[in-house]
Amino acid sequence: MDEKSKLKDLVLQAFHFRHATKEFDPNKKISDEDFRFILETGRLSPSSFGTEPWRIVVVQNAELREKIKNTAWGAYGKLPEASHFVLFLARTKVDTKYDSDYLRNHFKTFKQMPDEHMEKYLSRLEEFQKSDFKLLSDESTDKLDLLGKDRALFDWASKQTYIALGNMMTAAALIGIDSCPIEGFNIEKMNQLLEEEGLLEGGRFALSVMAAFGYRVKDPNPKTRRPFDDVVKWIE
Ligand SMILES: Cc1cc2nc3c(=O)[nH]c(=O)nc-3n(C[C@H](O)[C@H](O)[C@H](O)COP(=O)(O)O)c2cc1C
């Protein structure tokens with residue numbers, strides 16, 4: 001087999017290996033080095049306009065894990081057993097609206113954009129948020145209304161976090177580590193808990209999605225997916 005075929009084989013094996021792990025082995029821990037590698041693939045993930053509107057919070061604290069377990073039904077069977085538990089926070093309109101201080105600082109400091117270029121880039125982003133994707137509500141006020149008027153903009157940031165989540169799950173699978181994405185929670189209750197824990201920085205962040213990482217207890221059921229030709233359509 002040539003190098004490319006071997007790589008393709010490895011990647012596909014990882015996709016077959018990955019499954020939504022229902023039960024984690026409490027006695028098996030991911031090494032710091034391996035988890036750092038997984039986190040790095042999240043950090044290097046792409047985001048729309050390169051805004052990186054996320055924070056990845058690794059929750060290893062037993063008390064907070066217990067609170068999350070009692071609040072998020074989807075975490076059942078994953079906490080406290082999972083080796084590592086991750087919250088994907090997304091930035092709210094405070095930081096993601098085209099005229100935010102966060103974006104100016106981000107593009108200047110981390111993307112090293114010259115001022116003139118940045119002004120043009122932000123105008124493009126303004127147009128995108130207002131007209132292309134219609135992410136801004138005319139009724140939005142200074143008060144954050146995460147589940148109402150400010151939802152579209154938050155969901156846009158939230159979508160980006162799922163790219164990091166996907167990449168991290170694939171990276172984990174490539175080195176034999178299991179994972180489970182978790183959306184099974186009441187968004188208001190979880191945000192309230194995380195706000196009380198001081199993790200949302202007074203409205204700068206809100207919870208997008210969570211994930212558990214570790215090692216499986218038992219083998220999964222065979223993978224089921226719709227047929228290739230049902231999922232993929234070619235226009236020639
Ligand atoms: C965004 C997202 C959220 C999910 N939330 C949960 C969850 O809260 N609890 C759970 O046990 N599985 C959860 N799952 C797992 C899915 O049910 C699972 O990925 C799907 O049924 C396909 O099975 P597979 O991942 O084993 O191939 C979630 C999956 C995704 C992508």
# chains A, B, ... in the order shown; residues from 1 in each chain; ligands from 1
$ residues_near_ligand --ligand "ligand 1" --cutoff "9 Å" --atoms "only C-alpha atoms and all ligand atoms" --output "PyMOL selection string"
chain A and resi 15-23+72-78+162+165-166+179-185+209-211+220-225
$ select_by_dssp --residues "range 12-78 of chain A" --states "helix (DSSP H, G or I)" --output "PyMOL selection string"
chain A and resi 12-17+32-43+48-50+62-71+73-75
$ write_last_selection --atoms "N, CA, C and O atoms" --output "CSV table (one decimal), in the first residue's frame"
chain,number,residue,atom,x,y,z
A,12,LEU,N,-9.9,6.6,8.0
A,12,LEU,CA,-11.2,5.9,8.0
A,12,LEU,C,-11.4,5.0,9.2
A,12,LEU,O,-12.5,4.9,9.8
A,13,GLN,N,-10.3,4.3,9.6
A,13,GLN,CA,-10.3,3.5,10.8
A,13,GLN,C,-10.7,4.3,12.0
A,13,GLN,O,-11.5,3.9,12.9
A,14,ALA,N,-10.2,5.5,12.1
A,14,ALA,CA,-10.5,6.4,13.2
A,14,ALA,C,-12.0,6.8,13.2
A,14,ALA,O,-12.6,6.8,14.3
A,15,PHE,N,-12.5,7.0,12.0
A,15,PHE,CA,-13.9,7.4,12.0
A,15,PHE,C,-14.8,6.2,12.3
A,15,PHE,O,-15.9,6.4,12.9
A,16,HIS,N,-14.4,5.0,12.0
A,16,HIS,CA,-15.2,3.8,12.5
A,16,HIS,C,-15.0,3.6,13.9
A,16,HIS,O,-16.0,3.1,14.6
A,17,PHE,N,-13.8,3.9,14.5
A,17,PHE,CA,-13.5,3.6,15.9
A,17,PHE,C,-14.4,4.6,16.7
A,17,PHE,O,-14.9,4.2,17.8
A,32,ASP,N,-1.6,13.6,30.1
A,32,ASP,CA,-1.6,15.0,29.9
A,32,ASP,C,-1.1,15.4,28.4
A,32,ASP,O,-1.7,16.2,27.8
A,33,GLU,N,-0.1,14.6,28.0
A,33,GLU,CA,0.4,14.9,26.6
A,33,GLU,C,-0.6,14.6,25.5
A,33,GLU,O,-0.8,15.4,24.6
A,34,ASP,N,-1.3,13.5,25.7
A,34,ASP,CA,-2.4,13.1,24.7
A,34,ASP,C,-3.5,14.2,24.7
A,34,ASP,O,-4.0,14.5,23.7
A,35,PHE,N,-3.9,14.6,26.0
A,35,PHE,CA,-5.0,15.5,26.0
A,35,PHE,C,-4.6,16.9,25.5
A,35,PHE,O,-5.4,17.6,24.8
A,36,ARG,N,-3.4,17.3,25.7
A,36,ARG,CA,-2.9,18.5,25.1
A,36,ARG,C,-2.9,18.5,23.6
A,36,ARG,O,-3.3,19.5,22.9
A,37,PHE,N,-2.6,17.3,23.0
A,37,PHE,CA,-2.6,17.1,21.6
A,37,PHE,C,-4.1,17.3,21.1
A,37,PHE,O,-4.4,18.0,20.1
A,38,ILE,N,-5.0,16.7,21.8
A,38,ILE,CA,-6.5,16.9,21.4
A,38,ILE,C,-6.9,18.3,21.5
A,38,ILE,O,-7.5,18.9,20.6
A,39,LEU,N,-6.5,19.0,22.6
A,39,LEU,CA,-6.9,20.4,22.7
A,39,LEU,C,-6.3,21.3,21.6
A,39,LEU,O,-6.9,22.2,21.1
A,40,GLU,N,-5.1,20.9,21.2
A,40,GLU,CA,-4.4,21.7,20.2
A,40,GLU,C,-5.2,21.6,18.9
A,40,GLU,O,-5.2,22.6,18.1
A,41,THR,N,-5.8,20.5,18.6
A,41,THR,CA,-6.5,20.4,17.3
A,41,THR,C,-7.8,21.3,17.4
A,41,THR,O,-8.3,21.7,16.4
A,42,GLY,N,-8.3,21.5,18.6
A,42,GLY,CA,-9.4,22.4,18.8
A,42,GLY,C,-9.0,23.8,18.5
A,42,GLY,O,-9.6,24.6,17.8
A,43,ARG,N,-7.8,24.2,19.2
A,43,ARG,CA,-7.3,25.5,19.0
A,43,ARG,C,-7.0,25.9,17.6
A,43,ARG,O,-7.2,27.0,17.1
A,48,SER,N,-15.4,31.0,11.1
A,48,SER,CA,-15.9,32.0,10.2
A,48,SER,C,-15.2,33.3,10.4
A,48,SER,O,-15.2,33.8,11.6
A,49,PHE,N,-14.7,33.9,9.4
A,49,PHE,CA,-14.0,35.2,9.5
A,49,PHE,C,-12.8,35.1,10.5
A,49,PHE,O,-12.2,36.1,10.9
A,50,GLY,N,-12.4,33.9,10.9
A,50,GLY,CA,-11.3,33.7,11.8
A,50,GLY,C,-11.4,34.4,13.2
A,50,GLY,O,-10.5,34.8,13.8
A,62,ALA,N,-13.9,17.8,40.9
A,62,ALA,CA,-15.0,16.8,41.2
A,62,ALA,C,-16.3,17.4,41.6
A,62,ALA,O,-17.4,17.0,41.2
A,63,GLU,N,-16.2,18.5,42.3
A,63,GLU,CA,-17.5,19.2,42.8
A,63,GLU,C,-18.3,19.8,41.6
A,63,GLU,O,-19.5,19.6,41.5
A,64,LEU,N,-17.6,20.4,40.7
A,64,LEU,CA,-18.3,21.0,39.5
A,64,LEU,C,-18.8,19.9,38.6
A,64,LEU,O,-19.9,20.0,38.0
A,65,ARG,N,-18.0,18.8,38.5
A,65,ARG,CA,-18.4,17.7,37.7
A,65,ARG,C,-19.8,17.1,38.2
A,65,ARG,O,-20.7,16.8,37.5
A,66,GLU,N,-19.9,17.1,39.5
A,66,GLU,CA,-21.1,16.5,40.2
A,66,GLU,C,-22.3,17.5,39.9
A,66,GLU,O,-23.4,17.0,39.5
A,67,LYS,N,-22.0,18.7,39.9
A,67,LYS,CA,-23.1,19.7,39.6
A,67,LYS,C,-23.6,19.6,38.2
A,67,LYS,O,-24.7,19.6,37.9
A,68,ILE,N,-22.6,19.4,37.3
A,68,ILE,CA,-23.0,19.3,35.8
A,68,ILE,C,-23.7,18.0,35.6
A,68,ILE,O,-24.8,18.0,35.0
A,69,LYS,N,-23.3,16.9,36.3
A,69,LYS,CA,-23.9,15.6,36.2
A,69,LYS,C,-25.4,15.7,36.6
A,69,LYS,O,-26.3,15.2,36.0
A,70,ASN,N,-25.6,16.5,37.7
A,70,ASN,CA,-27.0,16.7,38.2
A,70,ASN,C,-27.9,17.7,37.4
A,70,ASN,O,-29.0,17.8,37.7
A,71,THR,N,-27.2,18.4,36.5
A,71,THR,CA,-28.0,19.4,35.7
A,71,THR,C,-28.2,18.9,34.3
A,71,THR,O,-29.2,19.2,33.7
A,73,TRP,N,-28.8,16.1,31.7
A,73,TRP,CA,-29.2,14.7,31.6
A,73,TRP,C,-28.3,13.9,30.6
A,73,TRP,O,-28.1,12.7,30.7
A,74,GLY,N,-27.8,14.6,29.6
A,74,GLY,CA,-27.0,14.0,28.5
A,74,GLY,C,-25.6,13.5,29.1
A,74,GLY,O,-24.9,12.8,28.4
A,75,ALA,N,-25.3,14.0,30.3
A,75,ALA,CA,-24.0,13.7,30.8
A,75,ALA,C,-24.1,12.4,31.6
A,75,ALA,O,-23.1,11.9,32.1
$ residues_around --residues "range 90-98 of chain A" --least-positions-apart "4" --cutoff "8 Å" --atoms "only C-alpha atoms" --output "list of chain:residue names"
A:Thr51, A:Pro53, A:Trp54, A:Arg55, A:Tyr102, A:Leu103, A:Leu122, A:Ser123, A:Leu125, A:Glu126, A:Gln129, A:Leu144, A:Leu146, A:Asp150, A:Leu153, A:Phe154, A:Ala157, A:Ser158, A:Thr161, A:Gly203, A:Arg204, A:Phe205, A:Ala206, A:Leu207, A:Ser208
$ atom_distance --atom1 "CA of Thr170 in chain A" --atom2 "CA of Pro26 in chain A"
21.7 Å
$ closest_residue --among "A:Leu87, A:Gly176, A:Leu135, A:Arg104" --to "Val11 in chain A" --atoms "only C-alpha atoms"
A:Gly176
$ select_by_dssp --residues "chain A" --states "strand (DSSP E or B)" --output "PyMOL selection string"
chain A and resi 20+24+54-58+76+79+84-91+178-182+205-214+216
$ closest_residue --among "A:Lys108, A:Gln160, A:Leu174, A:Pro46" --to "Lys8 in chain A" --atoms "only C-alpha atoms"
A:Leu174
$ residues_around --residues "Ile30 in chain A" --least-positions-apart "5" --cutoff "12 Å" --atoms "only C-alpha atoms" --output "mmCIF file with C-alpha atoms, in the first residue's frame"
data_model
loop_
_atom_site.group_PDB
_atom_site.id
_atom_site.type_symbol
_atom_site.label_atom_id
_atom_site.label_comp_id
_atom_site.auth_asym_id
_atom_site.auth_seq_id
_atom_site.Cartn_x
_atom_site.Cartn_y
_atom_site.Cartn_z
ATOM 1 C CA PHE A 24 -16.392 5.471 30.364
ATOM 2 C CA ASP A 25 -13.881 3.413 32.329
ATOM 3 C CA PHE A 35 -5.013 15.532 25.988
ATOM 4 C CA ARG A 36 -2.862 18.528 25.126
ATOM 5 C CA PHE A 37 -2.649 17.141 21.567
ATOM 6 C CA ILE A 38 -6.451 16.871 21.425
ATOM 7 C CA ALA A 82 -14.859 10.260 31.969
ATOM 8 C CA SER A 83 -11.160 11.002 32.074
ATOM 9 C CA HIS A 84 -11.622 14.552 30.760
ATOM 10 C CA PHE A 85 -14.783 16.651 30.499
ATOM 11 C CA ALA A 172 -8.848 11.618 19.868
ATOM 12 C CA ILE A 175 -4.876 7.969 18.982
ATOM 13 C CA GLY A 176 -7.378 5.454 20.363
ATOM 14 C CA ILE A 177 -9.257 7.781 22.712
ATOM 15 C CA ASP A 178 -13.044 7.697 23.010
ATOM 16 C CA SER A 179 -15.421 10.609 23.267
ATOM 17 C CA ALA A 212 -16.551 13.767 27.469
ATOM 18 C CA PHE A 213 -13.253 12.039 26.638
ATOM 19 C CA GLY A 214 -11.813 8.814 28.011
ATOM 20 C CA TYR A 215 -11.853 5.094 27.379
ATOM 21 C CA ARG A 216 -14.819 2.860 26.609
#
$ atom_distance --atom1 "CA of Glu197 in chain A" --atom2 "CA of Trp156 in chain A"
24.7 Å
$ atom_distance --atom1 "CA of Val86 in chain A" --atom2 "CA of Lys218 in chain A"
21.9 Å
$ closest_residue --among "A:Glu139, A:Asp219, A:Glu236, A:Glu52" --to "Phe107 in chain A" --atoms "only C-alpha atoms"
A:Glu52
